[in-house]
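Note sheet for the following structure.
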Amino acid sequence: AVDPATPELTAAIDAAESVLENSTIVDDINAATATLKTATTIAINTNSVAGATAESPVVTNFVTNGTFDSNGVVSPWKTTTGAQNTGLATNKVDETHSTGSFWENWHSSAHSGKMYKVIENVPHGVYSLQMAAFTDYNSDAFVFANSDRVEVTSSNMNTYKVMTIVDVDTLEIGLVKDEKLGQWMGIDNVKLVYYGNSIDSYKYYVENAVTPVSY
């Protein structure tokens, strides 16, 4: 159950009640309702990872369609690469890093851009993104979570891990190429892990974020 004492949710409820009692302006009512909806979603998401610590992290359910096995659907993921093939494929599936199908971006010439999704209304704290990825150029592609990134170094599908801190309720994750190098890249089996929002969580981040991890 959602804790009704969550400060952000309590404040949003109070503000919405005040607006409904004292205002008939549609824009004011809509704004208060939107704020309440956001606060409720954050409270629900916070409740879903309750108890997460650096020693006992929790795998979140914040990543929709992270395995790309939803009947050929890529949504809600987006791409800015302009690639001509942006669908699902199976020719990199190895049953270890990639299973079922994966999402590819392939173009007849070199391209840049990102394959990504934005996750809103997430609890503040420390996260790790784990993502299977590849690029046919073997470099200059990065698995990223907000401004943190780790370089993809193989044309084979490998799993990469990058840690990040969320302090603005929003997290953007994905695979990005800064330069027009290579024609093909893809991702699969995306997992987001939460380590809490305590001093120990941030110590864990400091101790582990500087070392790129792939396996």
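Residue numbering restarts at 1 for every chain of the structure tokens, chains are lettered A, B, ... in their displayed order, and ligands are numbered from 1 as they appear.
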
Margin query: Could you go through chain A and tell me which residues DSSP, when run on the backbone, assigns to strand (DSSP E or B), listing them as a PyMOL selection string?
Written below: chain A and resi 58-59+78-79+85+88-89+102-106+113-120+125-135+141-145+148-152+158-166+170-177+184-194+213-214

Note to self: When DSSP is applied to the backbone of this structure, which of stretch 16-201 of chain A are assigned helix (DSSP H, G or I)? Write them out as a ChimeraX atom specification.
What the structure shows: /A:16-22,26-48,199-201

Give me, as a Markdown table, each residue of stretch 76-157 of chain A that comes within 7 Å of stretch 187-205 of chain A, together with its shortest interatomic pair and the distance in Å at one decimal, counting only C-alpha atoms, with rows ordered by chain and rising residue number.
```
| residue | atom | partner | partner_atom | distance |
| --- | --- | --- | --- | --- |
| A:Ser98 | CA | A:Asp188 | CA | 5.8 |
| A:Phe102 | CA | A:Asp188 | CA | 4.9 |
| A:Trp103 | CA | A:Ile187 | CA | 5.5 |
| A:Glu104 | CA | A:Ile187 | CA | 6.7 |
| A:His124 | CA | A:Asn197 | CA | 6.4 |
| A:Gly125 | CA | A:Asn197 | CA | 4.1 |
| A:Val126 | CA | A:Tyr195 | CA | 5.3 |
| A:Tyr127 | CA | A:Tyr194 | CA | 4.6 |
| A:Ser128 | CA | A:Val193 | CA | 5.2 |
| A:Leu129 | CA | A:Leu192 | CA | 4.8 |
| A:Gln130 | CA | A:Lys191 | CA | 5.1 |
| A:Met131 | CA | A:Val190 | CA | 4.5 |
| A:Ala132 | CA | A:Asp188 | CA | 5.0 |
| A:Ala133 | CA | A:Ile187 | CA | 4.3 |
| A:Phe134 | CA | A:Ile187 | CA | 6.8 |
```

Next item on the list: Write out as a ChimeraX atom specification which residues come within 9 Å of A:Asn65 when counting only C-alpha atoms, dropping same-chain ones fewer than 2 positions away.
Entry: /A:63,67-70,73-77,189-190

Can I get the selected residues back with C-alpha atoms, as a PDB file, in the first residue's frame?
```pdb
ATOM      1  CA  VAL A  63      11.525  -0.547 -17.475  1.00  0.00           C
ATOM      2  CA  THR A  67      13.264  -7.724 -23.226  1.00  0.00           C
ATOM      3  CA  PHE A  68      11.654  -6.749 -26.560  1.00  0.00           C
ATOM      4  CA  ASP A  69       9.570  -9.902 -26.546  1.00  0.00           C
ATOM      5  CA  SER A  70       6.170  -8.150 -26.535  1.00  0.00           C
ATOM      6  CA  VAL A  73       6.578  -4.183 -30.337  1.00  0.00           C
ATOM      7  CA  VAL A  74       9.409  -1.696 -29.708  1.00  0.00           C
ATOM      8  CA  SER A  75       7.285   0.943 -27.920  1.00  0.00           C
ATOM      9  CA  PRO A  76       7.757   2.814 -25.586  1.00  0.00           C
ATOM     10  CA  TRP A  77      11.412   2.909 -26.708  1.00  0.00           C
ATOM     11  CA  ASN A 189      17.447  -7.526 -21.684  1.00  0.00           C
ATOM     12  CA  VAL A 190      17.371  -4.146 -19.951  1.00  0.00           C
TER      13      VAL A 190
END
```

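The nearest approach to A:Val122 among the residues A:Val93, A:Ala141, A:Ile13, A:Ile42, with only C-alpha atoms taken into account, belongs to A:Ile42.
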
Next item on the list: Determine, counting only C-alpha atoms, which protein, DNA and RNA residues have an atom within 9 Å of an atom of A:Ala209; residues of the same chain fewer than 2 positions away are not included. Present the result as a list in words.
Entry: Ser128, Asp148, Val162, Met163, Thr164, Tyr204, Tyr205, Val206, Glu207, Thr211 and Pro212 of chain A

Written selection (N, CA, C and O atoms) as a PDB file, in the first residue's frame:
```pdb
ATOM      1  N   SER A 128      21.577   1.121 -10.871  1.00  0.00           N
ATOM      2  CA  SER A 128      22.448   0.591 -11.912  1.00  0.00           C
ATOM      3  C   SER A 128      21.571   0.149 -13.077  1.00  0.00           C
ATOM      4  O   SER A 128      20.500  -0.429 -12.884  1.00  0.00           O
ATOM      5  N   ASP A 148      25.695   9.344 -17.043  1.00  0.00           N
ATOM      6  CA  ASP A 148      26.693   8.297 -16.814  1.00  0.00           C
ATOM      7  C   ASP A 148      26.661   7.310 -17.971  1.00  0.00           C
ATOM      8  O   ASP A 148      25.589   6.976 -18.501  1.00  0.00           O
ATOM      9  N   VAL A 162      26.109   0.240 -15.860  1.00  0.00           N
ATOM     10  CA  VAL A 162      26.506   1.604 -15.545  1.00  0.00           C
ATOM     11  C   VAL A 162      25.661   2.093 -14.377  1.00  0.00           C
ATOM     12  O   VAL A 162      24.457   1.824 -14.309  1.00  0.00           O
ATOM     13  N   MET A 163      26.286   2.794 -13.445  1.00  0.00           N
ATOM     14  CA  MET A 163      25.590   3.301 -12.270  1.00  0.00           C
ATOM     15  C   MET A 163      25.310   4.788 -12.426  1.00  0.00           C
ATOM     16  O   MET A 163      26.058   5.520 -13.086  1.00  0.00           O
ATOM     17  N   THR A 164      24.219   5.240 -11.794  1.00  0.00           N
ATOM     18  CA  THR A 164      23.853   6.641 -11.871  1.00  0.00           C
ATOM     19  C   THR A 164      23.081   7.053 -10.623  1.00  0.00           C
ATOM     20  O   THR A 164      22.614   6.200  -9.854  1.00  0.00           O
ATOM     21  N   TYR A 204      28.248   3.519  -1.875  1.00  0.00           N
ATOM     22  CA  TYR A 204      28.351   2.408  -2.821  1.00  0.00           C
ATOM     23  C   TYR A 204      28.537   2.942  -4.242  1.00  0.00           C
ATOM     24  O   TYR A 204      29.348   2.416  -5.013  1.00  0.00           O
ATOM     25  N   TYR A 205      27.815   4.002  -4.564  1.00  0.00           N
ATOM     26  CA  TYR A 205      27.951   4.609  -5.883  1.00  0.00           C
ATOM     27  C   TYR A 205      29.379   5.107  -6.099  1.00  0.00           C
ATOM     28  O   TYR A 205      29.999   4.843  -7.143  1.00  0.00           O
ATOM     29  N   VAL A 206      29.904   5.831  -5.128  1.00  0.00           N
ATOM     30  CA  VAL A 206      31.258   6.387  -5.249  1.00  0.00           C
ATOM     31  C   VAL A 206      32.287   5.272  -5.422  1.00  0.00           C
ATOM     32  O   VAL A 206      33.228   5.383  -6.220  1.00  0.00           O
ATOM     33  N   GLU A 207      32.098   4.184  -4.712  1.00  0.00           N
ATOM     34  CA  GLU A 207      33.064   3.091  -4.749  1.00  0.00           C
ATOM     35  C   GLU A 207      32.972   2.253  -6.013  1.00  0.00           C
ATOM     36  O   GLU A 207      33.933   1.578  -6.395  1.00  0.00           O
ATOM     37  N   THR A 211      34.252   2.274 -12.243  1.00  0.00           N
ATOM     38  CA  THR A 211      34.777   1.098 -12.933  1.00  0.00           C
ATOM     39  C   THR A 211      33.768   0.576 -13.940  1.00  0.00           C
ATOM     40  O   THR A 211      32.720   0.049 -13.555  1.00  0.00           O
ATOM     41  N   PRO A 212      34.055   0.697 -15.256  1.00  0.00           N
ATOM     42  CA  PRO A 212      33.129   0.143 -16.257  1.00  0.00           C
ATOM     43  C   PRO A 212      33.017  -1.364 -16.099  1.00  0.00           C
ATOM     44  O   PRO A 212      33.995  -2.055 -15.826  1.00  0.00           O
TER      45      PRO A 212
END
```

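Checking A:Gly66, A:Gly82, A:Gly100, A:Pro123 one by one against A:Gln183, counting only C-alpha atoms, you find the shortest gap at A:Gly82.
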
Next item on the list: Would you mind telling me which residue in A:Lys180, A:Lys117, A:His107, A:Lys161 lies nearest to A:Ser139 when using only C-alpha atoms?
Entry: A:Lys180

Next item on the list: Can you work out which one of A:Asn146, A:Thr33, A:Ser154, A:Thr79 has the shortest atom-to-atom distance to A:Val166, counting only C-alpha atoms?
Entry: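 Comparing A:Asn146, A:Thr33, A:Ser154, A:Thr79 against A:Val166, the winner is A:Asn146.
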
Margin query: For A:Gly186, find every residue with an atom within 10 Å (counting only C-alpha atoms), except residues of its own chain fewer than 6 positions away, and show them as a list in words.
Written below: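 The residues that qualify are Thr86, Gly87, Leu88, Ala89, Lys92, Phe102, Trp103, Glu104, Asn105, Trp106, Met115, Ala132, Ala133, Phe134, Thr135, Asp136, Ser155, Met157, Gly174 and Leu175 of chain A.
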
Notebook entry, point to check: Using only C-alpha atoms, which residues sit within 10 Å of A:Ser109 once same-chain residues fewer than 4 positions away are excluded, as number ranges by chain?
Noted result: A: 83-84, 180-184

Store the residues of this selection in a file with all heavy atoms, as a PDB file, in the first residue's frame.
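Final output, selection-v9.pdb:
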```pdb
ATOM      1  N   ALA A  83      17.939   5.446 -38.647  1.00  0.00           N
ATOM      2  CA  ALA A  83      18.266   4.192 -39.327  1.00  0.00           C
ATOM      3  C   ALA A  83      17.053   3.659 -40.096  1.00  0.00           C
ATOM      4  O   ALA A  83      15.910   3.867 -39.691  1.00  0.00           O
ATOM      5  CB  ALA A  83      18.742   3.160 -38.311  1.00  0.00           C
ATOM      6  N   GLN A  84      17.323   2.941 -41.172  1.00  0.00           N
ATOM      7  CA  GLN A  84      16.210   2.432 -41.985  1.00  0.00           C
ATOM      8  C   GLN A  84      15.583   1.191 -41.375  1.00  0.00           C
ATOM      9  O   GLN A  84      14.404   0.918 -41.602  1.00  0.00           O
ATOM     10  CB  GLN A  84      16.685   2.157 -43.410  1.00  0.00           C
ATOM     11  CG  GLN A  84      17.784   1.137 -43.557  1.00  0.00           C
ATOM     12  CD  GLN A  84      18.461   1.210 -44.925  1.00  0.00           C
ATOM     13  OE1 GLN A  84      19.216   2.153 -45.212  1.00  0.00           O
ATOM     14  NE2 GLN A  84      18.193   0.236 -45.779  1.00  0.00           N
ATOM     15  N   LYS A 180      29.242   9.410 -36.386  1.00  0.00           N
ATOM     16  CA  LYS A 180      28.742   8.526 -37.444  1.00  0.00           C
ATOM     17  C   LYS A 180      29.797   7.469 -37.761  1.00  0.00           C
ATOM     18  O   LYS A 180      30.567   7.579 -38.723  1.00  0.00           O
ATOM     19  CB  LYS A 180      28.379   9.329 -38.684  1.00  0.00           C
ATOM     20  CG  LYS A 180      27.132  10.184 -38.505  1.00  0.00           C
ATOM     21  CD  LYS A 180      26.723  10.862 -39.803  1.00  0.00           C
ATOM     22  CE  LYS A 180      25.416  11.621 -39.624  1.00  0.00           C
ATOM     23  NZ  LYS A 180      24.969  12.280 -40.870  1.00  0.00           N
ATOM     24  N   LEU A 181      29.827   6.448 -36.911  1.00  0.00           N
ATOM     25  CA  LEU A 181      30.777   5.352 -37.034  1.00  0.00           C
ATOM     26  C   LEU A 181      30.005   4.043 -36.872  1.00  0.00           C
ATOM     27  O   LEU A 181      29.424   3.787 -35.833  1.00  0.00           O
ATOM     28  CB  LEU A 181      31.866   5.455 -35.971  1.00  0.00           C
ATOM     29  CG  LEU A 181      32.740   6.705 -36.008  1.00  0.00           C
ATOM     30  CD1 LEU A 181      33.602   6.804 -34.753  1.00  0.00           C
ATOM     31  CD2 LEU A 181      33.632   6.705 -37.256  1.00  0.00           C
ATOM     32  N   GLY A 182      30.015   3.218 -37.882  1.00  0.00           N
ATOM     33  CA  GLY A 182      29.286   1.956 -37.814  1.00  0.00           C
ATOM     34  C   GLY A 182      27.858   2.095 -38.308  1.00  0.00           C
ATOM     35  O   GLY A 182      27.252   3.162 -38.270  1.00  0.00           O
ATOM     36  N   GLN A 183      27.330   0.956 -38.767  1.00  0.00           N
ATOM     37  CA  GLN A 183      25.995   0.935 -39.362  1.00  0.00           C
ATOM     38  C   GLN A 183      24.955   0.183 -38.525  1.00  0.00           C
ATOM     39  O   GLN A 183      23.763   0.263 -38.829  1.00  0.00           O
ATOM     40  CB  GLN A 183      26.079   0.250 -40.742  1.00  0.00           C
ATOM     41  CG  GLN A 183      26.991   0.928 -41.720  1.00  0.00           C
ATOM     42  CD  GLN A 183      27.244   0.071 -42.947  1.00  0.00           C
ATOM     43  OE1 GLN A 183      28.358  -0.349 -43.222  1.00  0.00           O
ATOM     44  NE2 GLN A 183      26.189  -0.204 -43.702  1.00  0.00           N
ATOM     45  N   TRP A 184      25.413  -0.503 -37.485  1.00  0.00           N
ATOM     46  CA  TRP A 184      24.501  -1.433 -36.802  1.00  0.00           C
ATOM     47  C   TRP A 184      24.764  -1.410 -35.307  1.00  0.00           C
ATOM     48  O   TRP A 184      25.909  -1.477 -34.858  1.00  0.00           O
ATOM     49  CB  TRP A 184      24.727  -2.839 -37.357  1.00  0.00           C
ATOM     50  CG  TRP A 184      23.670  -3.863 -37.021  1.00  0.00           C
ATOM     51  CD1 TRP A 184      22.375  -3.652 -36.709  1.00  0.00           C
ATOM     52  CD2 TRP A 184      23.869  -5.279 -36.997  1.00  0.00           C
ATOM     53  NE1 TRP A 184      21.727  -4.839 -36.485  1.00  0.00           N
ATOM     54  CE2 TRP A 184      22.626  -5.862 -36.667  1.00  0.00           C
ATOM     55  CE3 TRP A 184      24.974  -6.116 -37.231  1.00  0.00           C
ATOM     56  CZ2 TRP A 184      22.457  -7.239 -36.537  1.00  0.00           C
ATOM     57  CZ3 TRP A 184      24.809  -7.481 -37.113  1.00  0.00           C
ATOM     58  CH2 TRP A 184      23.549  -8.042 -36.776  1.00  0.00           C
TER      59      TRP A 184
END
```

Next item on the list: Write out as a VMD selection string the residues lying within 6 Å of A:Val176, counting only C-alpha atoms and excluding same-chain residues fewer than 3 positions away.
Entry: chain A and resid 113 to 114 141 to 142
